[in-house]
Amino acid sequence: MRKPLKNLGILALGLAGVLSCNAQESAAIHISADEMKTNLEYLASDDLMGRKTGTEGIDKAADFITTIFEENGVKPYYDTYRDYFKIGDVDAFNIVGYLEGNDPELKDEFVVIGAHYDHIGVGKEVDGDTIANGANDNAAGTTAVVELAKYFANIKDNKRSVLFILFSGEEMGLKGSYHSAKRLKEEGIDIYTMINLEMIGAPMTDKDYLAYVTGFEETNLAEKFNEYTGKNTLGFFEGAKQMNLFKRSDNYPFYAEFNVPAQTICTFDFTNYPYYHHVKDEVSEMNPEHMANVVKAIIPGIHQILNTPEKEIKMN
């Protein structure tokens with residue numbers, strides 16, 4: 001006969017141990033707000049002219065990102081970091097970095113961590129300024145992916161493999177993420193889950209969680225993530241559901257192609273930032289400490305996703 005109380009006690013102690021380890025791990029994680037601000041300042045600088053796909057500005061952004069990947073041992077997944085495709089007559093490319101897992105079996109399962117690094121280029125003139133620098137949209141998310149790549153490359157203990165993909169063509173209709181999702185599907189890659197970072201430059205107002213996840217009800221990602229982190233890290237935001245944000249960012253092509261959990265982490269709540277597609281979407285409006293907190297907070301969750309023996313993130 002089973003002894004349920006004893007088993008439940010063991011389970012509770014085990015969970016407490018996991019959460020305690022996660023709390024200690026989180027406390028030990030160092031993510032520099034100053035470094036994130038420095039990277040953000042370049043990616044959202046006037047020199048890059050708003051990073052429109054197909055321009056010299058986005059080319060400079062790509063060189064900047066790949067240099068950081070190279071310096072930290074994040075390898076190209078293909079022959080080079082740049083994965084080229086066409087958008088009509090426009091030459092475009094995503095940046096694809098790769099960390100191989102260290103488990104002989106689990107390394108064949110992949111987690112994709114992504115963000116779009118393009119923006120709209122120029123916008124409506126305000127006070128003589130026409131450059132839409134796209135600090136929050138989405139140099140902030142790009143900077144977060146870069147920090148995550150640096151972190152996981154340097155701790156070197158992920159069992160599953162990771163692709164860090166910076167997408168172009170998002171502002172032209174999710175073209176880059178559709179390209180990557182389709183290509184990876186054709187190549188037969190086993191994707192476990194995809195996590196996208198979008199517009200994390202300003203904190204949410206009056207919420208008891210740090211960030212929301214789009215498509216909250218589609219999967220158990222938020223539930224498991226909060227279990228992994230030991231905190232109320234990801235929550236449900238009604239505005240995301242009303243605006244159907246689940247289908248409006250680079251997570252969605254992976255959901256459509258692979259039918260796996262693929263969701264966006266975001267802190268833009270329509271009230272906390274007035275400069276969407278606006279020339280005043282500048283670094284001066286960003287909160288680097290908040291951005292660093294978001295990255296630091298999600299690392300324990302991603303770490304667990306990369307290392308659990310079974311795929312625990314599931315479709316509902």
# chains A, B, ... in the order shown; residues from 1 in each chain; ligands from 1
>>> closest_atom_pairs(of="stretch 27-128 of chain A", to="stretch 239-256 of chain A", cutoff="10 Å", atoms="only C-alpha atoms", output="CSV")
residue,atom,partner,partner_atom,distance
A:Val112,CA,A:Phe254,CA,9.3
A:Ile113,CA,A:Asn251,CA,9.4
A:Gly114,CA,A:Asp250,CA,7.7
A:Ala115,CA,A:Asp250,CA,7.1
A:His116,CA,A:Asp250,CA,7.2
>>> write_last_selection(atoms="N, CA and C atoms", output="CSV table (one decimal), in the first residue's frame")
chain,number,residue,atom,x,y,z
A,112,VAL,N,15.0,27.7,-28.5
A,112,VAL,CA,15.3,28.9,-29.3
A,112,VAL,C,15.0,30.1,-28.4
A,113,ILE,N,16.0,31.0,-28.3
A,113,ILE,CA,15.8,32.2,-27.6
A,113,ILE,C,16.0,33.4,-28.6
A,114,GLY,N,15.0,34.2,-28.8
A,114,GLY,CA,15.1,35.1,-29.9
A,114,GLY,C,14.5,36.5,-29.6
A,115,ALA,N,14.8,37.4,-30.6
A,115,ALA,CA,14.3,38.8,-30.5
A,115,ALA,C,14.5,39.4,-31.9
A,116,HIS,N,13.7,40.3,-32.3
A,116,HIS,CA,14.0,41.0,-33.6
A,116,HIS,C,14.9,42.2,-33.3
>>> select_by_dssp(residues="stretch 136-212 of chain A", states="strand (DSSP E)", output="list in words")
Ser161, Val162, Leu163, Phe164, Ile165, Leu166, Phe167, Asp190, Ile191, Tyr192, Thr193, Met194, Ile195, Asn196, Leu197, Glu198, Ala211 and Tyr212 of chain A
>>> write_last_selection(atoms="C-alpha atoms", output="PDB file, in the first residue's frame")
ATOM      1  CA  SER A 161      21.276  22.907 -27.188  1.00  0.00           C
ATOM      2  CA  VAL A 162      20.368  26.565 -27.680  1.00  0.00           C
ATOM      3  CA  LEU A 163      19.876  28.723 -30.745  1.00  0.00           C
ATOM      4  CA  PHE A 164      20.071  32.458 -30.167  1.00  0.00           C
ATOM      5  CA  ILE A 165      18.330  34.060 -33.149  1.00  0.00           C
ATOM      6  CA  LEU A 166      18.107  37.777 -33.860  1.00  0.00           C
ATOM      7  CA  PHE A 167      15.448  38.298 -36.500  1.00  0.00           C
ATOM      8  CA  ASP A 190      13.703  19.004 -32.655  1.00  0.00           C
ATOM      9  CA  ILE A 191      12.577  22.254 -31.013  1.00  0.00           C
ATOM     10  CA  TYR A 192      11.419  21.922 -27.422  1.00  0.00           C
ATOM     11  CA  THR A 193      10.305  25.509 -26.894  1.00  0.00           C
ATOM     12  CA  MET A 194      10.889  29.036 -28.197  1.00  0.00           C
ATOM     13  CA  ILE A 195      11.190  32.110 -25.964  1.00  0.00           C
ATOM     14  CA  ASN A 196      11.038  35.541 -27.562  1.00  0.00           C
ATOM     15  CA  LEU A 197      12.023  38.837 -25.893  1.00  0.00           C
ATOM     16  CA  GLU A 198      10.137  41.966 -26.945  1.00  0.00           C
ATOM     17  CA  ALA A 211       6.680  40.441 -17.078  1.00  0.00           C
ATOM     18  CA  TYR A 212       3.828  38.895 -18.999  1.00  0.00           C
TER      19      TYR A 212
END
>>> closest_residue(among="A:Tyr78, A:Glu41, A:Phe64, A:Thr271", to="A:Glu187", atoms="only C-alpha atoms")
A:Tyr78
>>> closest_residue(among="A:Gly215, A:Gly128, A:Gly169, A:Pro300", to="A:Thr55", atoms="only C-alpha atoms")
A:Gly169
>>> closest_residue(among="A:Ala62, A:Ala222, A:Met204, A:Val146", to="A:Asn287", atoms="only C-alpha atoms")
A:Met204
>>> residues_around(residues="A:Asp129", least_positions_apart="3", cutoff="8 Å", atoms="only C-alpha atoms", output="PyMOL selection string")
chain A and resi 125-126+279
>>> write_last_selection(atoms="all heavy atoms", output="compact mmCIF listing (two decimals), in the first residue's frame")
# COMPACT_ATOMS: atom_id res chain seq x y z
N GLU A 125 8.60 63.21 -38.25
CA GLU A 125 9.52 64.18 -37.66
C GLU A 125 8.94 64.82 -36.39
O GLU A 125 7.79 65.24 -36.35
CB GLU A 125 9.84 65.28 -38.67
CG GLU A 125 10.83 66.32 -38.15
CD GLU A 125 11.17 67.37 -39.20
OE1 GLU A 125 10.95 67.12 -40.40
OE2 GLU A 125 11.68 68.44 -38.80
N VAL A 126 9.78 64.88 -35.37
CA VAL A 126 9.45 65.56 -34.12
C VAL A 126 10.66 66.39 -33.71
O VAL A 126 11.75 65.83 -33.50
CB VAL A 126 9.08 64.57 -33.00
CG1 VAL A 126 8.81 65.33 -31.70
CG2 VAL A 126 7.88 63.72 -33.39
N VAL A 279 9.89 58.55 -32.94
CA VAL A 279 11.30 58.95 -32.96
C VAL A 279 11.86 59.19 -31.56
O VAL A 279 13.08 59.27 -31.38
CB VAL A 279 11.51 60.20 -33.84
CG1 VAL A 279 11.13 59.91 -35.29
CG2 VAL A 279 10.74 61.40 -33.31
>>> residues_around(residues="A:Lys159", least_positions_apart="4", cutoff="10 Å", atoms="only C-alpha atoms", output="list in words")
Glu100, Gly101, Asn102, Asp103, Pro104, Glu105, Leu106, Lys107, Asp108, Glu109, Phe110, His303, Gln304, Ile305, Leu306, Asn307, Thr308 and Pro309 of chain A
>>> write_last_selection(atoms="N, CA, C and O atoms", output="PDB file, in the first residue's frame")
ATOM      1  N   GLU A 100      26.003  24.193 -28.160  1.00  0.00           N
ATOM      2  CA  GLU A 100      25.665  22.770 -28.135  1.00  0.00           C
ATOM      3  C   GLU A 100      25.492  22.301 -26.707  1.00  0.00           C
ATOM      4  O   GLU A 100      26.258  22.659 -25.808  1.00  0.00           O
ATOM      5  N   GLY A 101      24.451  21.506 -26.475  1.00  0.00           N
ATOM      6  CA  GLY A 101      24.249  20.924 -25.158  1.00  0.00           C
ATOM      7  C   GLY A 101      25.312  19.894 -24.837  1.00  0.00           C
ATOM      8  O   GLY A 101      25.977  19.360 -25.736  1.00  0.00           O
ATOM      9  N   ASN A 102      25.461  19.579 -23.549  1.00  0.00           N
ATOM     10  CA  ASN A 102      26.519  18.647 -23.147  1.00  0.00           C
ATOM     11  C   ASN A 102      26.017  17.251 -22.811  1.00  0.00           C
ATOM     12  O   ASN A 102      26.798  16.396 -22.390  1.00  0.00           O
ATOM     13  N   ASP A 103      24.707  17.008 -22.998  1.00  0.00           N
ATOM     14  CA  ASP A 103      24.158  15.678 -22.742  1.00  0.00           C
ATOM     15  C   ASP A 103      24.078  14.910 -24.068  1.00  0.00           C
ATOM     16  O   ASP A 103      23.564  15.438 -25.060  1.00  0.00           O
ATOM     17  N   PRO A 104      24.583  13.678 -24.117  1.00  0.00           N
ATOM     18  CA  PRO A 104      24.627  12.940 -25.382  1.00  0.00           C
ATOM     19  C   PRO A 104      23.279  12.804 -26.080  1.00  0.00           C
ATOM     20  O   PRO A 104      23.222  12.765 -27.308  1.00  0.00           O
ATOM     21  N   GLU A 105      22.183  12.722 -25.305  1.00  0.00           N
ATOM     22  CA  GLU A 105      20.854  12.585 -25.903  1.00  0.00           C
ATOM     23  C   GLU A 105      20.114  13.914 -25.958  1.00  0.00           C
ATOM     24  O   GLU A 105      19.548  14.277 -26.988  1.00  0.00           O
ATOM     25  N   LEU A 106      20.112  14.649 -24.855  1.00  0.00           N
ATOM     26  CA  LEU A 106      19.330  15.884 -24.789  1.00  0.00           C
ATOM     27  C   LEU A 106      19.878  16.987 -25.693  1.00  0.00           C
ATOM     28  O   LEU A 106      19.158  17.923 -26.035  1.00  0.00           O
ATOM     29  N   LYS A 107      21.132  16.881 -26.106  1.00  0.00           N
ATOM     30  CA  LYS A 107      21.684  17.928 -26.961  1.00  0.00           C
ATOM     31  C   LYS A 107      21.005  17.978 -28.339  1.00  0.00           C
ATOM     32  O   LYS A 107      21.138  18.972 -29.060  1.00  0.00           O
ATOM     33  N   ASP A 108      20.279  16.923 -28.685  1.00  0.00           N
ATOM     34  CA  ASP A 108      19.550  16.928 -29.952  1.00  0.00           C
ATOM     35  C   ASP A 108      18.210  17.657 -29.846  1.00  0.00           C
ATOM     36  O   ASP A 108      17.496  17.794 -30.841  1.00  0.00           O
ATOM     37  N   GLU A 109      17.852  18.086 -28.642  1.00  0.00           N
ATOM     38  CA  GLU A 109      16.666  18.918 -28.434  1.00  0.00           C
ATOM     39  C   GLU A 109      17.121  20.371 -28.288  1.00  0.00           C
ATOM     40  O   GLU A 109      18.093  20.666 -27.595  1.00  0.00           O
ATOM     41  N   PHE A 110      16.394  21.278 -28.943  1.00  0.00           N
ATOM     42  CA  PHE A 110      16.820  22.675 -28.997  1.00  0.00           C
ATOM     43  C   PHE A 110      15.811  23.599 -28.331  1.00  0.00           C
ATOM     44  O   PHE A 110      14.597  23.412 -28.442  1.00  0.00           O
ATOM     45  N   HIS A 303      17.354  28.069 -17.443  1.00  0.00           N
ATOM     46  CA  HIS A 303      18.306  27.039 -17.035  1.00  0.00           C
ATOM     47  C   HIS A 303      17.599  25.708 -16.793  1.00  0.00           C
ATOM     48  O   HIS A 303      18.079  24.646 -17.233  1.00  0.00           O
ATOM     49  N   GLN A 304      16.459  25.747 -16.120  1.00  0.00           N
ATOM     50  CA  GLN A 304      15.711  24.522 -15.883  1.00  0.00           C
ATOM     51  C   GLN A 304      15.174  23.934 -17.188  1.00  0.00           C
ATOM     52  O   GLN A 304      15.186  22.714 -17.382  1.00  0.00           O
ATOM     53  N   ILE A 305      14.685  24.792 -18.070  1.00  0.00           N
ATOM     54  CA  ILE A 305      14.185  24.322 -19.365  1.00  0.00           C
ATOM     55  C   ILE A 305      15.288  23.588 -20.125  1.00  0.00           C
ATOM     56  O   ILE A 305      15.039  22.575 -20.792  1.00  0.00           O
ATOM     57  N   LEU A 306      16.502  24.073 -20.000  1.00  0.00           N
ATOM     58  CA  LEU A 306      17.626  23.455 -20.710  1.00  0.00           C
ATOM     59  C   LEU A 306      18.104  22.157 -20.060  1.00  0.00           C
ATOM     60  O   LEU A 306      18.838  21.402 -20.692  1.00  0.00           O
ATOM     61  N   ASN A 307      17.686  21.888 -18.816  1.00  0.00           N
ATOM     62  CA  ASN A 307      18.312  20.796 -18.086  1.00  0.00           C
ATOM     63  C   ASN A 307      17.376  19.748 -17.499  1.00  0.00           C
ATOM     64  O   ASN A 307      17.859  18.733 -16.993  1.00  0.00           O
ATOM     65  N   THR A 308      16.050  19.937 -17.548  1.00  0.00           N
ATOM     66  CA  THR A 308      15.165  18.903 -17.007  1.00  0.00           C
ATOM     67  C   THR A 308      15.263  17.628 -17.849  1.00  0.00           C
ATOM     68  O   THR A 308      15.368  17.697 -19.080  1.00  0.00           O
ATOM     69  N   PRO A 309      15.211  16.464 -17.220  1.00  0.00           N
ATOM     70  CA  PRO A 309      15.329  15.206 -17.979  1.00  0.00           C
ATOM     71  C   PRO A 309      14.233  15.044 -19.029  1.00  0.00           C
ATOM     72  O   PRO A 309      14.467  14.488 -20.101  1.00  0.00           O
TER      73      PRO A 309
END
>>> atom_distance(atom1="atom CA of A:Asp91", atom2="atom CA of A:Asn138")
20.2 Å
>>> closest_residue(among="A:Tyr98, A:Phe270, A:Tyr117, A:Phe225", to="A:Gly50", atoms="only C-alpha atoms")
A:Tyr117
>>> closest_residue(among="A:Gly73, A:Gly141, A:Gly176, A:Pro261", to="A:Glu218", atoms="only C-alpha atoms")
A:Pro261
>>> select_by_dssp(residues="stretch 46-243 of chain A", states="helix (DSSP H, G or I)", output="MDAnalysis selection string")
chainID A and resid 46:48 56:71 106:108 135:155 170:172 175:186 216:218 221:229 238:242
